[in-house]
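Undergrad: Structure: structure_37.txt, compact mmCIF, C-alpha atoms.
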# COMPACT_ATOMS: atom_id res chain seq x y z
CA MET A 454 57.53 -37.40 60.59
CA LYS A 455 57.24 -41.05 61.63
CA GLN A 456 60.31 -41.93 59.53
CA GLU A 457 62.29 -39.15 61.26
CA SER A 458 61.27 -40.53 64.66
CA ASN A 459 62.41 -44.05 63.70
CA TYR A 460 65.66 -42.63 62.31
CA MET A 461 66.32 -40.69 65.54
CA ARG A 462 65.52 -43.78 67.62
CA LYS A 463 68.03 -45.82 65.58
CA ILE A 464 70.67 -43.09 66.01
CA GLY A 465 69.99 -43.06 69.75
CA LEU A 466 70.35 -46.84 69.99
CA LEU A 467 73.58 -46.69 67.98
CA LEU A 468 74.99 -44.07 70.35
CA VAL A 469 74.08 -46.18 73.39
CA PHE A 470 75.73 -49.23 71.77
CA LEU A 471 78.87 -47.24 70.96
CA GLY A 472 78.95 -45.98 74.55
CA TRP A 473 78.88 -49.55 75.85
CA CYS A 474 81.66 -50.52 73.44
CA TRP A 475 83.75 -47.51 74.47
CA GLN A 476 83.23 -48.28 78.15
CA GLY A 477 84.34 -51.89 77.61
CA LEU A 478 87.39 -50.77 75.64
CA ALA A 479 88.30 -48.17 78.29
CA GLN A 480 87.99 -50.87 81.00
CA GLU A 481 90.22 -53.26 79.03
CA ASN A 482 92.82 -50.55 78.36
CA SER A 483 92.67 -49.52 82.02
CA GLU A 484 93.39 -53.09 83.13
CA GLU A 485 96.49 -53.25 80.93
CA LYS A 486 97.66 -49.81 82.10
CA ILE A 487 97.07 -50.65 85.77
CA ILE A 488 98.97 -53.95 85.55
CA SER A 489 101.83 -52.25 83.67
CA GLU A 490 102.12 -49.45 86.23
CA VAL A 491 101.71 -51.56 89.36
CA THR A 492 104.27 -54.06 88.04
CA ASN A 493 106.70 -51.22 87.40
CA MET A 494 106.07 -49.84 90.90
CA ALA A 495 106.84 -53.26 92.45
CA LYS A 496 110.02 -53.55 90.37
CA LEU A 497 111.17 -50.13 91.58
CA LEU A 498 110.58 -51.15 95.20
CA GLN A 499 112.59 -54.34 94.75
CA GLU A 500 115.39 -52.38 93.05
CA LYS A 501 115.40 -49.90 95.96
CA LYS A 502 114.60 -46.97 93.67
CA TYR A 503 112.46 -45.33 96.33
CA THR A 504 112.09 -41.90 94.74
CA ALA A 505 110.74 -43.38 91.50
CA TYR A 506 108.62 -45.83 93.54
CA ALA A 507 107.05 -42.92 95.44
CA ASN A 508 105.78 -41.45 92.15
CA TYR A 509 103.22 -44.29 92.11
CA LEU A 510 101.92 -43.69 95.62
CA TYR A 511 98.55 -41.99 95.99
CA PRO A 512 98.98 -38.29 96.90
CA GLY A 513 96.67 -38.72 99.92
CA ILE A 514 99.09 -41.26 101.38
CA ILE A 515 102.02 -38.89 100.76
CA ALA A 516 100.10 -36.10 102.51
CA MET A 517 99.45 -38.36 105.52
CA ALA A 518 103.19 -39.05 105.73
CA GLY A 519 103.92 -35.31 105.82
CA SER A 520 105.80 -35.08 102.52
CA LYS A 521 107.12 -37.19 99.68
CA GLU A 522 110.62 -37.01 101.17
CA LYS A 523 109.39 -38.30 104.55
CA LEU A 524 107.56 -41.16 102.88
CA ILE A 525 110.64 -42.07 100.83
CA GLU A 526 112.77 -42.07 103.98
CA ALA A 527 110.21 -44.19 105.87
CA THR A 528 110.10 -46.70 102.98
CA LYS A 529 113.88 -46.86 102.83
CA ASN A 530 114.11 -47.37 106.61
CA ALA A 531 111.45 -50.11 106.58
CA MET A 532 113.22 -51.96 103.77
CA GLU A 533 116.58 -51.69 105.56
CA GLN A 534 115.00 -52.96 108.80
CA MET A 535 113.56 -55.94 106.93
CA GLN A 536 116.97 -56.70 105.44
CA GLN A 537 118.67 -56.44 108.86
CA ASN A 538 116.13 -58.94 110.20
CA GLY A 539 116.91 -61.37 107.38
CA VAL A 540 113.70 -60.77 105.47
CA SER A 541 113.81 -60.29 101.72
CA ILE A 542 111.14 -59.76 99.09
CA THR A 543 111.28 -62.64 96.63
CA LYS A 544 108.29 -61.96 94.39
CA ILE A 545 105.40 -59.55 93.92
CA SER A 546 102.66 -60.46 91.47
CA PHE A 547 99.24 -59.10 90.58
CA GLY A 548 95.88 -60.41 89.45
CA LYS A 549 93.23 -58.88 87.25
CA PRO A 550 91.90 -55.54 88.52
CA GLU A 551 88.28 -55.35 89.62
CA LYS A 552 85.75 -53.21 87.74
CA VAL A 553 86.82 -49.55 87.53
CA LEU A 554 84.44 -47.26 89.43
CA VAL A 555 84.02 -43.57 88.67
CA VAL A 556 83.93 -41.58 91.91
CA GLY A 557 83.73 -37.83 91.29
CA SER A 558 86.81 -37.01 89.22
CA GLU A 559 88.62 -40.23 90.15
CA TRP A 560 88.65 -43.73 88.72
CA GLN A 561 89.06 -46.34 91.45
CA THR A 562 89.55 -50.09 91.54
CA THR A 563 91.39 -52.76 93.45
CA VAL A 564 94.16 -55.06 92.25
CA PRO A 565 94.79 -58.47 93.86
CA GLN A 566 98.40 -58.81 95.00
CA VAL A 567 100.54 -61.75 96.08
CA PHE A 568 103.53 -60.54 98.11
CA GLU A 569 106.17 -63.18 98.81
CA MET A 570 109.05 -62.81 101.25
CA SER A 571 111.77 -65.13 102.50
CA HIS A 572 112.88 -65.44 106.12
CA GLU A 573 115.12 -68.14 107.59
CA GLY A 574 114.51 -70.47 104.66
CA LYS A 575 110.73 -70.12 104.79
CA ALA A 576 108.42 -68.38 102.35
CA ILE A 577 105.90 -65.93 103.80
CA ILE A 578 103.11 -65.41 101.29
CA SER A 579 100.54 -62.64 101.75
CA GLU A 580 97.51 -62.15 99.52
CA TYR A 581 95.65 -58.86 99.69
CA SER A 582 94.66 -55.96 97.47
CA LEU A 583 96.06 -52.65 96.41
CA ILE A 584 93.72 -49.78 95.61
CA ALA A 585 94.39 -48.13 92.25
CA ILE A 586 93.25 -44.55 91.66
CA SER A 587 93.50 -42.37 88.58
CA ASN A 588 92.60 -38.69 88.53
CA ASP A 589 93.19 -38.33 84.77
CA ALA A 590 90.76 -40.90 83.31
CA GLY A 591 93.22 -43.78 83.44
CA LEU A 592 96.32 -42.17 81.91
CA HIS A 593 98.28 -42.58 85.16
CA TRP A 594 97.48 -44.70 88.21
CA TYR A 595 98.44 -44.22 91.84
CA PHE A 596 98.33 -47.02 94.40
CA ILE A 597 97.46 -47.54 98.04
CA ASP A 598 98.76 -50.63 99.80
CA THR A 599 95.86 -51.77 101.96
CA SER A 600 98.18 -54.03 104.02
CA GLY A 601 95.13 -56.16 104.67
CA LYS A 602 93.08 -53.35 106.24
CA ASP A 603 89.35 -53.45 105.53
CA LEU A 604 87.59 -50.78 103.49
CA ALA A 605 85.87 -49.18 106.52
CA THR A 606 89.26 -48.66 108.20
CA LEU A 607 90.78 -47.24 105.01
CA ARG A 608 87.84 -44.86 104.52
CA GLN A 609 88.49 -43.32 107.95
CA SER A 610 91.68 -41.77 106.54
CA LEU A 611 90.61 -41.63 102.88
CA PRO A 612 86.87 -40.87 102.84
CA ASN A 613 86.86 -40.38 99.05
CA LEU A 614 87.24 -44.15 98.55
CA SER A 615 84.13 -45.73 97.07
CA THR A 616 82.10 -47.97 99.36
CA GLU A 617 81.81 -50.30 96.34
CA LEU A 618 85.54 -51.15 96.20
CA VAL A 619 86.27 -54.84 96.67
CA VAL A 620 88.86 -55.16 99.46
CA PRO A 621 89.07 -58.80 100.54
CA GLU A 622 90.48 -59.93 103.86
CA ARG A 623 94.22 -60.52 103.93
CA LYS A 624 95.39 -64.13 103.66
CA GLN A 625 98.84 -65.13 104.85
CA ARG A 626 100.66 -68.45 104.99
CA VAL A 627 104.16 -69.73 105.71
CA GLU A 628 105.67 -72.50 103.61
Kindly present the structure from the file in structure tokens form.
TA:
Amino acid sequence: MKQESNYMRKIGLLLVFLGWCWQGLAQENSEEKIISEVTNMAKLLQEKKYTAYANYLYPGIIAMAGSKEKLIEATKNAMEQMQQNGVSITKISFGKPEKVLVVGSEWQTTVPQVFEMSHEGKAIISEYSLIAISNDAGLHWYFIDTSGKDLATLRQSLPNLSTELVVPERKQRVE
């Protein structure tokens, strides 16, 4: 009986260890998937492929806009207005995502972003985070551009966001 107890304890410890390994592997795979998808989303925005770009936007943001078509039109109009004002996007890059949090049926994290634009020969560089959310255990990720808003402000419109998300203050400089 004592040998069975030791055997069961060893099996239990092995299962806990495997769980930790699986969680680490899932986190690593999630990071790669998030970076791949957010990079593709940024590329689509720069290529003015707004319909494909909108497929990466969090459904809650689309709902707040009224419909996917309205959000696509608003994005297109904003980009055209920027262009008319002599502003162009020169580069969008991303850092390593924060730890993925499980919130109900969603996985949530933030991704550092550096958004560079050009205007009248000057570079405008903004650093802030995107929120990444998956509702299918990391197979597909949707994104929310925080535009430098703090988490409390974002949670007023999207109360499902975890209070543990890391949303740093926006930094902006002109060079």
Undergrad: With all atoms listed in the file as the basis for distance, which of A:Gln534, A:Ser558, A:Thr504, A:Ser582 is at the shortest distance from Val620 (chain A)?
TA: A:Ser582
Undergrad: From (98.0, -49.2, 101.9), in the file's coordinates, out to 12 Å: which residues are reached, counting all atoms listed in the file? Answer as a PDB file with C-alpha atoms, keeping the file's coordinate frame.
TA:
ATOM      1  CA  LEU A 510     101.920 -43.690  95.620  1.00  0.00           C
ATOM      2  CA  TYR A 511      98.550 -41.990  95.990  1.00  0.00           C
ATOM      3  CA  GLY A 513      96.670 -38.720  99.920  1.00  0.00           C
ATOM      4  CA  ILE A 514      99.090 -41.260 101.380  1.00  0.00           C
ATOM      5  CA  ILE A 515     102.020 -38.890 100.760  1.00  0.00           C
ATOM      6  CA  MET A 517      99.450 -38.360 105.520  1.00  0.00           C
ATOM      7  CA  THR A 563      91.390 -52.760  93.450  1.00  0.00           C
ATOM      8  CA  VAL A 564      94.160 -55.060  92.250  1.00  0.00           C
ATOM      9  CA  GLN A 566      98.400 -58.810  95.000  1.00  0.00           C
ATOM     10  CA  TYR A 581      95.650 -58.860  99.690  1.00  0.00           C
ATOM     11  CA  SER A 582      94.660 -55.960  97.470  1.00  0.00           C
ATOM     12  CA  LEU A 583      96.060 -52.650  96.410  1.00  0.00           C
ATOM     13  CA  ILE A 584      93.720 -49.780  95.610  1.00  0.00           C
ATOM     14  CA  ALA A 585      94.390 -48.130  92.250  1.00  0.00           C
ATOM     15  CA  TYR A 595      98.440 -44.220  91.840  1.00  0.00           C
ATOM     16  CA  PHE A 596      98.330 -47.020  94.400  1.00  0.00           C
ATOM     17  CA  ILE A 597      97.460 -47.540  98.040  1.00  0.00           C
ATOM     18  CA  ASP A 598      98.760 -50.630  99.800  1.00  0.00           C
ATOM     19  CA  THR A 599      95.860 -51.770 101.960  1.00  0.00           C
ATOM     20  CA  SER A 600      98.180 -54.030 104.020  1.00  0.00           C
ATOM     21  CA  GLY A 601      95.130 -56.160 104.670  1.00  0.00           C
ATOM     22  CA  LYS A 602      93.080 -53.350 106.240  1.00  0.00           C
ATOM     23  CA  ASP A 603      89.350 -53.450 105.530  1.00  0.00           C
ATOM     24  CA  LEU A 604      87.590 -50.780 103.490  1.00  0.00           C
ATOM     25  CA  THR A 606      89.260 -48.660 108.200  1.00  0.00           C
ATOM     26  CA  LEU A 607      90.780 -47.240 105.010  1.00  0.00           C
ATOM     27  CA  ARG A 608      87.840 -44.860 104.520  1.00  0.00           C
ATOM     28  CA  SER A 610      91.680 -41.770 106.540  1.00  0.00           C
ATOM     29  CA  LEU A 611      90.610 -41.630 102.880  1.00  0.00           C
ATOM     30  CA  VAL A 620      88.860 -55.160  99.460  1.00  0.00           C
TER      31      VAL A 620
END
Undergrad: Quick one: of A:Ser571, A:His593, A:Gln561, A:Lys624, who's nearest to Asn538 (chain A), counting all atoms listed in the file?
TA: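 Looking at the shortest contact to Asn538 (chain A), the residue is A:Ser571.
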Undergrad: Quick one: residues within 9 Å of Met494 (chain A), all atoms listed in the file counted, chain neighbours fewer than 2 positions away excluded, as a ChimeraX atom specification?
TA: /A:489-492,496-499,505-510,596
Undergrad: So which residues fall inside 7 Å of (108.0, -57.1, 105.0) if we count all atoms listed in the file? Mind giving them as a ChimeraX atom specification?
TA: /A:535,540,570
Undergrad: Have a look at CA of Pro621 (chain A) and CA of Lys529 (chain A) and let me know their distance in Å, one decimal.
TA: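 A separation of 27.6 Å between them.
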Undergrad: For a test of reading the model, state the distance in Å between CA of Lys549 (chain A) and CA of Ala576 (chain A), rounded to one decimal.
TA: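 CA of Lys549 (chain A) sits 23.4 Å away from CA of Ala576 (chain A).
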Undergrad: May I ask which of the residues A:Ser587, A:Ser520, A:Thr528, A:Asn493 is the closest one to Leu554 (chain A), counting only C-alpha atoms?
TA: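 Smallest distance to Leu554 (chain A) is found for A:Ser587.
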Undergrad: For CA of Ala590 (chain A) and CA of Lys521 (chain A), quote the distance in Å rounded to one decimal.
TA: 23.4 Å
Undergrad: Taking only C-alpha atoms into account, name the residue in A:Ile545, A:Tyr503, A:Pro512, A:Glu484 that is nearest to Glu526 (chain A).
TA: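 Looking at the shortest contact to Glu526 (chain A), the residue is A:Tyr503.
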Undergrad: Pick the closest to Val627 (chain A) from A:Glu573, A:Ile488, A:Pro550, A:Ala531: which is it, counting all atoms listed in the file?
TA: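 For Val627 (chain A), the nearest of the candidates is A:Glu573.
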Undergrad: Here is a test: counting all atoms listed in the file, which residue of A:Thr616, A:Arg623, A:Gly519, A:Glu569 is nearest to Ser546 (chain A)?
TA: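 Checking each of A:Thr616, A:Arg623, A:Gly519, A:Glu569 against Ser546 (chain A), counting all atoms listed in the file, the winner is A:Glu569.
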Undergrad: What's the 10 Å shell around Leu592 (chain A), counting all atoms listed in the file, without same-chain residues fewer than 5 positions away, as a PyMOL selection string?
TA: chain A and resi 482-483+486-487+587
Undergrad: With C-alpha atoms retained, write the just-selected residues as a compact mmCIF listing (two decimals), keeping the file's coordinate frame.
TA:
# COMPACT_ATOMS: atom_id res chain seq x y z
CA ASN A 482 92.82 -50.55 78.36
CA SER A 483 92.67 -49.52 82.02
CA LYS A 486 97.66 -49.81 82.10
CA ILE A 487 97.07 -50.65 85.77
CA SER A 587 93.50 -42.37 88.58
